[in-house]
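K.L.:
You'll find upload33.tsv just under this line, and it carries TSV, C-alpha atoms and all ligand atoms.
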```tsv
chain	number	residue	atom	x	y	z
A	1	MET	CA	0.00	0.00	0.00
A	2	ARG	CA	1.25	3.48	-0.72
A	3	ILE	CA	2.15	5.38	2.40
A	4	LEU	CA	-0.53	8.05	2.05
A	5	ASP	CA	-3.13	5.32	1.63
A	6	VAL	CA	-2.00	4.09	5.04
A	7	ALA	CA	-2.58	7.62	6.39
A	8	HIS	CA	-6.05	7.54	4.87
A	9	GLU	CA	-6.78	4.12	6.41
A	10	MET	CA	-5.58	5.22	9.84
A	11	GLY	CA	-7.70	8.37	9.63
A	12	HIS	CA	-5.04	11.08	9.71
A	13	GLU	CA	-6.20	14.63	9.22
A	14	GLU	CA	-2.93	15.96	7.83
A	15	VAL	CA	0.61	14.87	7.00
A	16	VAL	CA	3.34	17.46	6.33
A	17	VAL	CA	6.70	16.59	4.80
A	18	LEU	CA	9.48	19.10	5.46
A	19	HIS	CA	12.56	19.58	3.33
A	20	ASP	CA	14.91	22.49	3.90
A	21	GLN	CA	17.60	22.98	1.32
A	22	ALA	CA	19.92	25.20	3.35
A	23	SER	CA	20.14	23.08	6.52
A	24	GLY	CA	19.41	19.66	5.06
A	25	LEU	CA	16.46	19.20	7.43
A	26	ARG	CA	14.17	16.32	6.54
A	27	ALA	CA	11.16	15.78	8.76
A	28	VAL	CA	7.56	14.61	8.83
A	29	VAL	CA	4.76	16.02	10.96
A	30	ALA	CA	1.65	13.86	11.29
A	31	ILE	CA	-1.62	15.15	12.71
A	32	HIS	CA	-3.92	12.25	13.44
A	33	ASP	CA	-7.03	13.58	15.13
A	34	THR	CA	-7.93	16.96	16.66
A	35	THR	CA	-11.36	16.05	18.08
A	36	LEU	CA	-10.15	16.64	21.65
A	37	GLY	CA	-8.00	19.70	20.90
A	38	PRO	CA	-5.00	20.92	18.88
A	39	ALA	CA	-2.52	18.13	18.19
A	40	ALA	CA	0.24	17.58	20.77
A	41	GLY	CA	3.15	15.19	20.56
A	42	GLY	CA	6.90	15.10	20.86
A	43	THR	CA	9.47	15.32	18.11
A	44	ARG	CA	11.63	12.26	17.60
A	45	MET	CA	14.96	12.11	15.82
A	46	ARG	CA	16.38	8.87	14.49
A	47	LEU	CA	17.80	7.17	11.46
A	48	TYR	CA	15.24	5.47	9.25
A	49	PRO	CA	16.08	3.02	6.46
A	50	THR	CA	13.71	4.82	4.05
A	51	MET	CA	11.43	7.84	3.91
A	52	ASP	CA	8.42	5.51	4.02
A	53	ASP	CA	9.65	4.09	7.34
A	54	ALA	CA	9.87	7.61	8.74
A	55	VAL	CA	6.36	8.53	7.58
A	56	LEU	CA	4.96	5.26	8.91
A	57	ASP	CA	6.55	5.89	12.32
A	58	ALA	CA	5.05	9.40	12.44
A	59	LEU	CA	1.65	7.98	11.44
A	60	ARG	CA	1.66	5.30	14.12
A	61	LEU	CA	3.06	7.53	16.85
A	62	SER	CA	0.60	10.35	16.17
A	63	ARG	CA	-2.33	7.94	16.36
A	64	ALA	CA	-0.98	6.69	19.70
A	65	MET	CA	-1.00	10.31	20.93
A	66	THR	CA	-4.73	10.57	20.09
A	67	TYR	CA	-5.42	7.51	22.25
A	68	LYS	CA	-3.04	8.66	24.97
A	69	ALA	CA	-4.80	12.02	25.29
A	70	ALA	CA	-8.22	10.35	25.33
A	71	LEU	CA	-7.28	7.98	28.18
A	72	ALA	CA	-5.45	10.69	30.16
A	73	GLU	CA	-8.38	13.13	29.73
A	74	MET	CA	-6.12	15.72	28.11
A	75	PRO	CA	-7.65	18.46	25.93
A	76	THR	CA	-5.22	17.67	23.11
A	77	GLY	CA	-5.35	15.85	19.82
A	78	GLY	CA	-2.85	13.36	18.43
A	79	GLY	CA	0.25	14.51	16.58
A	80	LYS	CA	3.89	13.57	16.30
A	81	ALA	CA	6.93	14.58	14.30
A	82	VAL	CA	10.04	12.74	13.25
A	83	ILE	CA	13.30	14.30	12.10
A	84	LEU	CA	15.34	11.99	9.91
A	85	GLY	CA	18.94	11.48	10.97
A	86	ASP	CA	21.26	10.23	13.66
A	87	PRO	CA	20.89	12.52	16.69
A	88	ALA	CA	24.57	12.05	17.56
A	89	ARG	CA	25.84	13.17	14.13
A	90	ASP	CA	23.12	15.00	12.23
A	91	LYS	CA	21.51	17.21	14.87
A	92	THR	CA	22.69	20.68	13.89
A	93	ARG	CA	21.40	23.93	15.34
A	94	GLN	CA	20.53	25.04	11.80
A	95	ARG	CA	18.24	22.04	11.35
A	96	LEU	CA	16.54	22.47	14.71
A	97	VAL	CA	15.91	26.13	13.84
A	98	ALA	CA	14.53	25.29	10.39
A	99	TYR	CA	12.28	22.70	12.02
A	100	ALA	CA	11.07	25.11	14.72
A	101	LYS	CA	10.24	27.74	12.10
A	102	ALA	CA	8.15	25.17	10.24
A	103	VAL	CA	6.28	24.30	13.46
A	104	GLU	CA	5.65	28.02	13.99
A	105	ARG	CA	4.20	28.34	10.47
A	106	MET	CA	1.69	25.63	11.36
A	107	GLY	CA	0.14	28.27	13.60
A	108	GLY	CA	-0.54	26.18	16.70
A	109	ARG	CA	-2.23	23.25	15.00
A	110	PHE	CA	0.71	21.19	16.28
A	111	HIS	CA	2.38	21.59	19.66
A	112	THR	CA	5.59	19.68	20.32
A	113	GLY	CA	8.35	18.89	22.80
A	114	PRO	CA	11.13	16.36	23.50
A	115	ASP	CA	10.99	12.69	22.56
A	116	MET	CA	13.49	9.99	21.65
A	117	GLY	CA	16.66	11.69	20.31
A	118	ILE	CA	15.43	15.20	21.21
A	119	ASP	CA	16.00	16.51	24.73
A	120	ALA	CA	15.17	19.63	26.72
A	121	ARG	CA	18.26	21.47	25.42
A	122	ASP	CA	17.11	20.90	21.84
A	123	ALA	CA	13.64	22.11	22.82
A	124	ALA	CA	15.27	25.27	24.20
A	125	VAL	CA	16.90	25.90	20.81
A	126	MET	CA	13.54	25.45	19.10
A	127	ALA	CA	11.74	27.68	21.58
A	128	ARG	CA	13.57	30.73	20.28
A	129	HIS	CA	11.72	30.29	16.98
A	130	THR	CA	8.31	28.94	17.92
A	131	LYS	CA	5.78	29.33	20.73
A	132	HIS	CA	4.54	25.83	20.10
A	133	VAL	CA	7.21	23.87	21.92
A	134	SER	CA	7.22	22.73	25.55
A	135	HIS	CA	9.75	21.79	28.20
A	136	ALA	CA	12.24	24.27	26.93
A	137	ASN	CA	12.77	25.89	30.31
A	138	PRO	CA	15.55	24.13	32.26
A	139	GLN	CA	14.51	26.10	35.38
A	140	SER	CA	11.03	24.58	35.39
A	141	GLY	CA	10.38	22.31	38.37
A	142	VAL	CA	9.07	19.52	36.18
A	143	ASP	CA	10.90	17.48	33.61
A	144	THR	CA	8.84	15.69	30.97
A	145	ALA	CA	11.12	12.62	30.90
A	146	ASP	CA	10.92	12.29	34.68
A	147	LEU	CA	7.14	12.62	34.72
A	148	THR	CA	6.95	9.91	32.09
A	149	ALA	CA	9.11	7.73	34.35
A	150	VAL	CA	6.88	8.48	37.37
A	151	GLY	CA	3.81	7.38	35.42
A	152	VAL	CA	5.47	4.15	34.29
A	153	LEU	CA	6.68	3.45	37.84
A	154	GLU	CA	3.09	3.77	39.10
A	155	ALA	CA	1.90	1.56	36.24
A	156	ILE	CA	4.44	-1.10	37.31
A	157	ARG	CA	3.45	-0.71	40.97
A	158	HIS	CA	-0.24	-1.24	40.21
A	159	THR	CA	0.43	-4.07	37.77
A	160	ALA	CA	2.39	-5.76	40.57
A	161	LEU	CA	-0.54	-5.24	42.97
A	162	PHE	CA	-2.85	-6.71	40.33
A	163	LEU	CA	-0.55	-9.76	40.26
A	164	GLY	CA	-0.51	-9.93	44.06
A	165	THR	CA	3.04	-8.73	44.58
A	166	GLU	CA	5.01	-5.54	45.31
A	167	LEU	CA	7.69	-3.40	43.70
A	168	ARG	CA	10.39	-4.42	46.16
A	169	ASP	CA	9.87	-8.09	45.29
A	170	LEU	CA	10.27	-7.59	41.55
A	171	ARG	CA	13.06	-8.06	39.09
A	172	VAL	CA	12.52	-5.69	36.19
A	173	ALA	CA	14.30	-6.05	32.83
A	174	LEU	CA	14.69	-2.61	31.26
A	175	GLN	CA	15.20	-2.40	27.51
A	176	GLY	CA	16.81	1.01	27.06
A	177	VAL	CA	18.04	3.34	29.79
A	178	GLY	CA	18.00	6.66	27.95
A	179	GLN	CA	16.09	9.80	28.94
A	180	VAL	CA	13.09	7.96	30.43
A	181	GLY	CA	14.57	4.50	31.05
A	182	TYR	CA	17.41	5.91	33.17
A	183	ARG	CA	15.03	7.88	35.40
A	184	LEU	CA	12.74	4.86	35.70
A	185	ALA	CA	15.70	2.67	36.68
A	186	LYS	CA	16.65	5.10	39.46
A	187	ARG	CA	13.11	5.16	40.81
A	188	LEU	CA	12.71	1.38	40.64
A	189	HIS	CA	16.00	0.92	42.43
A	190	ALA	CA	14.92	3.36	45.14
A	191	ALA	CA	11.73	1.31	45.56
A	192	GLY	CA	13.80	-1.83	46.13
A	193	ALA	CA	13.34	-3.60	42.79
A	194	LYS	CA	16.21	-5.59	41.23
A	195	LEU	CA	17.21	-4.58	37.74
A	196	THR	CA	18.53	-6.17	34.56
A	197	VAL	CA	19.30	-3.61	31.84
A	198	CYS	CA	20.51	-3.27	28.30
A	199	ASP	CA	21.20	-0.32	26.03
A	200	ARG	CA	22.67	0.06	22.58
A	201	GLU	CA	25.04	2.59	24.16
A	202	GLU	CA	27.23	0.61	26.55
A	203	ALA	CA	28.04	3.62	28.73
A	204	ARG	CA	24.38	4.19	29.54
A	205	ALA	CA	23.91	0.61	30.74
A	206	GLY	CA	27.18	0.81	32.68
A	207	ARG	CA	25.97	3.90	34.52
A	208	VAL	CA	22.86	2.07	35.75
A	209	ALA	CA	25.02	-0.90	36.78
A	210	ASP	CA	27.16	1.46	38.88
A	211	GLU	CA	24.35	3.52	40.36
A	212	CYS	CA	21.69	0.84	40.84
A	213	GLY	CA	23.60	-2.43	40.99
A	214	ALA	CA	21.89	-3.54	37.79
A	215	GLU	CA	22.92	-6.61	35.88
A	216	VAL	CA	23.82	-5.69	32.27
A	217	VAL	CA	22.98	-7.93	29.32
A	218	GLY	CA	23.50	-7.51	25.58
A	219	HIS	CA	20.57	-5.85	23.84
A	220	GLU	CA	19.78	-9.03	21.91
A	221	ASN	CA	19.47	-11.02	25.16
A	222	ILE	CA	17.08	-8.82	27.10
A	223	TYR	CA	14.03	-10.79	25.87
A	224	ASP	CA	15.42	-13.93	27.53
A	225	ALA	CA	16.15	-12.25	30.87
A	226	ASP	CA	14.82	-13.97	33.95
A	227	CYS	CA	12.47	-11.31	35.37
A	228	ASP	CA	8.97	-10.52	36.62
A	229	VAL	CA	8.40	-7.45	34.48
A	230	PHE	CA	9.79	-6.69	31.04
A	231	SER	CA	9.93	-2.93	30.50
A	232	PRO	CA	10.50	-1.60	26.97
A	233	ASN	CA	11.76	1.98	27.08
A	234	ALA	CA	13.31	2.41	23.68
A	235	ALA	CA	12.10	1.51	20.20
A	236	GLY	CA	8.59	0.45	19.20
A	237	ALA	CA	7.31	-2.84	17.73
A	238	VAL	CA	9.48	-4.86	20.12
A	239	LEU	CA	6.61	-7.19	21.03
A	240	ASN	CA	6.24	-9.51	18.06
A	241	SER	CA	6.02	-13.16	17.03
A	242	GLU	CA	9.77	-13.60	17.44
A	243	THR	CA	10.19	-11.96	20.87
A	244	ILE	CA	6.95	-12.84	22.72
A	245	PRO	CA	7.68	-16.60	22.91
A	246	ARG	CA	11.03	-15.78	24.53
A	247	LEU	CA	9.68	-13.58	27.35
A	248	ARG	CA	9.92	-14.99	30.87
A	249	ALA	CA	8.10	-12.09	32.54
A	250	LYS	CA	4.60	-12.13	34.02
A	251	ALA	CA	3.95	-8.60	32.83
A	252	VAL	CA	5.14	-6.05	30.27
A	253	VAL	CA	5.03	-2.39	31.33
A	254	GLY	CA	7.19	0.30	29.78
A	255	ALA	CA	7.45	3.81	28.39
A	256	ALA	CA	8.12	2.98	24.74
A	257	ASN	CA	5.42	4.05	22.32
A	258	GLU	CA	3.77	1.51	19.98
A	259	GLN	CA	5.24	-1.57	21.65
A	260	LEU	CA	3.04	-4.08	19.83
A	261	SER	CA	4.21	-4.86	16.32
A	262	THR	CA	0.60	-5.68	15.35
A	263	PRO	CA	-2.62	-5.84	17.40
A	264	GLU	CA	-2.38	-9.66	17.17
A	265	ASP	CA	0.72	-9.43	19.33
A	266	GLY	CA	-1.54	-8.15	22.11
A	267	ASP	CA	-3.56	-11.36	21.71
A	268	ARG	CA	-0.34	-13.37	21.65
A	269	LEU	CA	0.74	-11.94	25.02
A	270	HIS	CA	-2.71	-12.66	26.42
A	271	GLU	CA	-2.53	-16.28	25.21
A	272	ARG	CA	0.81	-16.66	26.94
A	273	GLY	CA	-0.74	-15.34	30.16
A	274	ILE	CA	1.51	-12.26	30.15
A	275	VAL	CA	-0.20	-9.10	31.37
A	276	TRP	CA	0.42	-6.06	29.14
A	277	ALA	CA	-0.18	-2.54	30.44
A	278	PRO	CA	-1.22	-0.67	27.28
A	279	ASP	CA	1.70	1.63	26.40
A	280	TYR	CA	-0.32	4.75	25.71
A	281	VAL	CA	-1.95	4.47	29.13
A	282	ALA	CA	1.27	3.86	31.07
A	283	ASN	CA	3.41	6.48	29.31
A	284	ALA	CA	1.08	9.51	29.43
A	285	GLY	CA	3.21	11.38	32.03
A	286	GLY	CA	5.09	13.39	29.41
A	287	LEU	CA	1.90	14.52	27.75
A	288	LEU	CA	0.27	15.35	31.09
A	289	SER	CA	3.21	17.60	31.96
A	290	LEU	CA	1.80	20.12	29.47
A	291	LEU	CA	-0.84	20.95	32.11
A	292	HIS	CA	1.90	22.19	34.43
A	293	GLU	CA	3.68	24.08	31.70
A	294	ARG	CA	0.44	25.82	30.76
A	295	GLY	CA	-0.05	26.86	34.37
A	296	GLU	CA	-3.23	24.82	34.77
A	297	VAL	CA	-1.92	22.80	37.73
A	298	ASP	CA	0.94	23.30	40.18
A	299	GLU	CA	3.78	20.87	40.92
A	300	ASP	CA	1.73	18.82	43.38
A	301	GLY	CA	-1.20	18.82	41.00
A	302	ILE	CA	0.81	17.45	38.13
A	303	HIS	CA	2.28	14.66	40.25
A	304	GLU	CA	-1.20	13.73	41.37
A	305	ARG	CA	-2.43	13.57	37.76
A	306	VAL	CA	0.55	11.46	36.74
A	307	ARG	CA	0.26	9.08	39.69
A	308	ALA	CA	-3.36	8.43	38.69
A	309	ILE	CA	-1.94	6.46	35.76
A	310	GLY	CA	-1.29	3.56	38.17
A	311	PRO	CA	-4.90	2.97	39.29
A	312	ARG	CA	-6.08	3.53	35.70
A	313	VAL	CA	-3.81	0.73	34.48
A	314	ARG	CA	-5.03	-1.52	37.26
A	315	GLU	CA	-8.70	-0.89	36.39
A	316	ILE	CA	-8.01	-1.78	32.77
A	317	LEU	CA	-6.20	-4.97	33.79
A	318	GLU	CA	-9.09	-5.89	36.07
A	319	SER	CA	-11.80	-5.38	33.50
A	320	ALA	CA	-9.70	-7.26	30.94
A	321	ALA	CA	-9.37	-10.17	33.37
A	322	ASP	CA	-13.12	-10.09	34.11
A	323	ASP	CA	-13.95	-10.36	30.42
A	324	ASP	CA	-10.98	-12.62	29.56
A	325	LEU	CA	-9.85	-10.08	26.96
A	326	PRO	CA	-6.39	-8.66	26.27
A	327	PRO	CA	-5.97	-5.27	28.03
A	328	HIS	CA	-5.34	-3.40	24.76
A	329	VAL	CA	-8.90	-4.23	23.66
A	330	ILE	CA	-10.31	-2.60	26.80
A	331	ALA	CA	-8.08	0.50	26.50
A	332	ASP	CA	-8.91	0.94	22.80
A	333	ARG	CA	-12.61	0.72	23.60
A	334	ILE	CA	-12.36	3.48	26.20
A	335	ALA	CA	-10.44	5.68	23.74
A	336	HIS	CA	-12.94	5.09	20.91
A	337	GLU	CA	-15.85	5.79	23.23
A	338	ARG	CA	-14.35	9.09	24.46
A	339	LEU	CA	-13.60	10.22	20.91
A	340	ARG	CA	-17.09	9.27	19.75
A	341	ALA	CA	-18.71	11.19	22.61
A	342	ALA	CA	-16.54	14.26	21.91
A	343	ARG	CA	-17.44	14.19	18.21
A	344	GLU	CA	-21.10	13.95	19.07
A	345	ALA	CA	-20.88	16.85	21.53
A	346	ARG	CA	-19.15	18.90	18.86
A	347	ARG	CA	-21.87	18.14	16.31
A	348	ALA	CA	-24.58	19.04	18.81
A	349	ARG	CA	-23.02	22.45	19.45
A	350	PRO	CA	-24.74	25.13	17.37
A	351	PRO	CA	-22.44	26.63	14.71
A	352	ALA	CA	-20.66	29.78	15.94
B	1	LIG	N1	6.87	12.89	23.81
B	1	LIG	C1	5.81	12.61	24.74
B	1	LIG	C2	5.11	11.28	24.39
B	1	LIG	O1	5.51	10.52	23.53
B	1	LIG	C3	4.73	13.63	24.82
B	1	LIG	C4	5.03	15.10	24.75
B	1	LIG	C5	4.15	15.90	24.07
B	1	LIG	C6	6.10	15.66	25.37
B	1	LIG	C7	4.34	17.25	23.95
B	1	LIG	C8	6.30	17.01	25.28
B	1	LIG	C9	5.43	17.80	24.59
B	1	LIG	O2	4.11	10.96	24.98
```
The structure given in the file should be rewritten as structure tokens.
Ligand code: PHE
P.N.:
Amino acid sequence: MRILDVAHEMGHEEVVVLHDQASGLRAVVAIHDTTLGPAAGGTRMRLYPTMDDAVLDALRLSRAMTYKAALAEMPTGGGKAVILGDPARDKTRQRLVAYAKAVERMGGRFHTGPDMGIDARDAAVMARHTKHVSHANPQSGVDTADLTAVGVLEAIRHTALFLGTELRDLRVALQGVGQVGYRLAKRLHAAGAKLTVCDREEARAGRVADECGAEVVGHENIYDADCDVFSPNAAGAVLNSETIPRLRAKAVVGAANEQLSTPEDGDRLHERGIVWAPDYVANAGGLLSLLHERGEVDEDGIHERVRAIGPRVREILESAADDDLPPHVIADRIAHERLRAAREARRARPPA
């Protein structure tokens, strides 16, 4: 299928391809659905084998943001951007500026912030050229990566309670200890959990070994790790027909977006008796942090909103168990229902 037919199938409102001759910027902005508000989603930077892979990633990730906002009761729609290139080699100031100017020209239809490969310092560079970027203030009391980690920690805590156990009795295998994974590792360690970690960058895994006593394994071996919880915190599509049979965990809970390679992989986990906390429910902390940045809640308020992710995950796991359905089916239903109700309310409103 041609890539824009995929966008049509998935229901995207708009897809923008950016090319800037002077800086060499190549990027894609995908706006999935703005029923609940203007699109919000981070900007990711990574190497993609082809342009189609980049567009497909933006399409999938922006749809996940629509669902994430619906479950977290955020007044935002689903959007996401990807910048093509290796963040370690290709991330020039000129490109970030060209990208930020393009976001500004979109006039607020898309609001962005950090994501994989783009950190708060990059957001600060962008913020000089667009109002529509968040988490650019290093002085701010809240850090989007840390709030994401807090939400995932609470999701793990409540998944453990659902399974009849506690954080301090768990061994957690973390795939990726970057911006979010590192902060999650620190918090899990503080809560008494044992850790097994891997990262494509050896130094990052080594740091968690030093600071948290984690066992380090090669990134190909993390699926075979002996653990209670497998926690993907890096790339998407890591739960698939090849990896699921290898998992030894009782549950999968992590910050990575789009963890299932296909929806059938959610069924596959369910058949294996492995509990999966739907990714877009568990990892909503970063999105929720926009409420603090917009001055709608204070520091305590934002932590309260993020901690609510834990009980929400547990409720979904409980209703999934009651109906003997995979948890992703329950979460998707809630998202569809909220979007349907919002569309109906919008239609009922008299035209301005
Ligand atoms: N990148 C975060 C995510 O994937 C969300 C985010 C949105 C962060 C907007 C900052 C600004 O959920």
K.L.:
Write out as a count of residues only which residues come within 9 Å of A:Ala127 when counting all atoms listed in the file, dropping same-chain ones fewer than 4 positions away.
P.N.:
10
K.L.:
Just the residues within 8 Å of stretch 265-279 of chain A, please, counting all atoms listed in the file, with nothing from its chain fewer than 6 positions along; format it as a PyMOL selection string.
P.N.:
chain A and resi 155+159+239-241+244-245+249-259+313+317+325-328+331
K.L.:
Atoms to include: C-alpha atoms. Write the selected residues as a compact mmCIF listing (two decimals), keeping the file's coordinate frame.
P.N.:
```txt
# COMPACT_ATOMS: atom_id res chain seq x y z
CA ALA A 155 1.90 1.56 36.24
CA THR A 159 0.43 -4.07 37.77
CA LEU A 239 6.61 -7.19 21.03
CA ASN A 240 6.24 -9.51 18.06
CA SER A 241 6.02 -13.16 17.03
CA ILE A 244 6.95 -12.84 22.72
CA PRO A 245 7.68 -16.60 22.91
CA ALA A 249 8.10 -12.09 32.54
CA LYS A 250 4.60 -12.13 34.02
CA ALA A 251 3.95 -8.60 32.83
CA VAL A 252 5.14 -6.05 30.27
CA VAL A 253 5.03 -2.39 31.33
CA GLY A 254 7.19 0.30 29.78
CA ALA A 255 7.45 3.81 28.39
CA ALA A 256 8.12 2.98 24.74
CA ASN A 257 5.42 4.05 22.32
CA GLU A 258 3.77 1.51 19.98
CA GLN A 259 5.24 -1.57 21.65
CA VAL A 313 -3.81 0.73 34.48
CA LEU A 317 -6.20 -4.97 33.79
CA LEU A 325 -9.85 -10.08 26.96
CA PRO A 326 -6.39 -8.66 26.27
CA PRO A 327 -5.97 -5.27 28.03
CA HIS A 328 -5.34 -3.40 24.76
CA ALA A 331 -8.08 0.50 26.50
```
K.L.:
Would you list the residues that come within 10 Å of ligand LIG 1 (chain B)? Count all atoms listed in the file and give the answer as a PyMOL selection string.
P.N.:
chain A and resi 39-44+61-62+64-65+68-69+76+78-81+110-116+118-120+123+132-136+143-145+147-148+255-258+279-290+293
K.L.:
Up to 12 Å from (-6.1, 9.7, 18.4) in the file's coordinates: name the residues, counting only C-alpha atoms, as a PyMOL selection string.
P.N.:
chain A and resi 10-13+30-41+59-72+74-80+280+332+334-340+342
K.L.:
I need the residues from that last selection saved to file as an mmCIF file, keeping the file's coordinate frame (with C-alpha atoms), if you can.
P.N.:
```cif
data_model
loop_
_atom_site.group_PDB
_atom_site.id
_atom_site.type_symbol
_atom_site.label_atom_id
_atom_site.label_comp_id
_atom_site.auth_asym_id
_atom_site.auth_seq_id
_atom_site.Cartn_x
_atom_site.Cartn_y
_atom_site.Cartn_z
ATOM 1 C CA MET A 10 -5.580 5.220 9.840
ATOM 2 C CA GLY A 11 -7.700 8.370 9.630
ATOM 3 C CA HIS A 12 -5.040 11.080 9.710
ATOM 4 C CA GLU A 13 -6.200 14.630 9.220
ATOM 5 C CA ALA A 30 1.650 13.860 11.290
ATOM 6 C CA ILE A 31 -1.620 15.150 12.710
ATOM 7 C CA HIS A 32 -3.920 12.250 13.440
ATOM 8 C CA ASP A 33 -7.030 13.580 15.130
ATOM 9 C CA THR A 34 -7.930 16.960 16.660
ATOM 10 C CA THR A 35 -11.360 16.050 18.080
ATOM 11 C CA LEU A 36 -10.150 16.640 21.650
ATOM 12 C CA GLY A 37 -8.000 19.700 20.900
ATOM 13 C CA PRO A 38 -5.000 20.920 18.880
ATOM 14 C CA ALA A 39 -2.520 18.130 18.190
ATOM 15 C CA ALA A 40 0.240 17.580 20.770
ATOM 16 C CA GLY A 41 3.150 15.190 20.560
ATOM 17 C CA LEU A 59 1.650 7.980 11.440
ATOM 18 C CA ARG A 60 1.660 5.300 14.120
ATOM 19 C CA LEU A 61 3.060 7.530 16.850
ATOM 20 C CA SER A 62 0.600 10.350 16.170
ATOM 21 C CA ARG A 63 -2.330 7.940 16.360
ATOM 22 C CA ALA A 64 -0.980 6.690 19.700
ATOM 23 C CA MET A 65 -1.000 10.310 20.930
ATOM 24 C CA THR A 66 -4.730 10.570 20.090
ATOM 25 C CA TYR A 67 -5.420 7.510 22.250
ATOM 26 C CA LYS A 68 -3.040 8.660 24.970
ATOM 27 C CA ALA A 69 -4.800 12.020 25.290
ATOM 28 C CA ALA A 70 -8.220 10.350 25.330
ATOM 29 C CA LEU A 71 -7.280 7.980 28.180
ATOM 30 C CA ALA A 72 -5.450 10.690 30.160
ATOM 31 C CA MET A 74 -6.120 15.720 28.110
ATOM 32 C CA PRO A 75 -7.650 18.460 25.930
ATOM 33 C CA THR A 76 -5.220 17.670 23.110
ATOM 34 C CA GLY A 77 -5.350 15.850 19.820
ATOM 35 C CA GLY A 78 -2.850 13.360 18.430
ATOM 36 C CA GLY A 79 0.250 14.510 16.580
ATOM 37 C CA LYS A 80 3.890 13.570 16.300
ATOM 38 C CA TYR A 280 -0.320 4.750 25.710
ATOM 39 C CA ASP A 332 -8.910 0.940 22.800
ATOM 40 C CA ILE A 334 -12.360 3.480 26.200
ATOM 41 C CA ALA A 335 -10.440 5.680 23.740
ATOM 42 C CA HIS A 336 -12.940 5.090 20.910
ATOM 43 C CA GLU A 337 -15.850 5.790 23.230
ATOM 44 C CA ARG A 338 -14.350 9.090 24.460
ATOM 45 C CA LEU A 339 -13.600 10.220 20.910
ATOM 46 C CA ARG A 340 -17.090 9.270 19.750
ATOM 47 C CA ALA A 342 -16.540 14.260 21.910
#
```
K.L.:
Mind pulling up the distance from atom CA of A:Gly176 to atom CA of A:Asn221?
P.N.:
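Taking atom CA of A:Asn221 and atom CA of A:Gly176, their separation equals 12.5 Å.
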K.L.:
Using all atoms listed in the file, which residue out of A:Thr130, A:Leu174, A:Pro49, A:Arg200 lies closest to A:Glu215?
P.N.:
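Using all atoms listed in the file, A:Glu215 sits closest to A:Leu174.
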K.L.:
Can you work out which one of A:Ile156, A:Ala88, A:Ala58, A:Ala173 has the shortest atom-to-atom distance to A:Ala225, counting all atoms listed in the file?
P.N.:
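That would be A:Ala173, the residue with the smallest distance to A:Ala225.
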K.L.:
Which value, in Å to one decimal, gives the distance between atom CA of A:His303 and atom CA of A:Glu154?
P.N.:
11.0 Å
K.L.:
So, with all atoms listed in the file as the atoms that count, which of A:Ala345, A:Leu260, A:Ala321, A:Leu25 lies closest to A:Asp90?
P.N.:
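For A:Asp90, the nearest of the given residues is A:Leu25.
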K.L.:
I'd like to know which of A:Ala341, A:Val150, A:Ile309, A:Val28 is closest to A:Ala102, using all atoms listed in the file.
P.N.:
A:Val28
K.L.:
How many Å separate atom CA of A:Leu47 from atom CA of A:Thr243?
P.N.:
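That distance, rounded to one decimal, is 22.6 Å.
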K.L.:
Point out the residue among A:Asp199, A:Asp228, A:Asp52, A:Glu299 with the least atom-to-atom distance to A:Val216, counting all atoms listed in the file.
P.N.:
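Using all atoms listed in the file, the shortest distance to A:Val216 belongs to A:Asp199.
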K.L.:
Pick the closest to A:Leu170 from A:Asp57, A:Asp226, A:Glu202, A:Glu296: which is it, counting all atoms listed in the file?
P.N.:
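Using all atoms listed in the file, A:Leu170 sits closest to A:Asp226.
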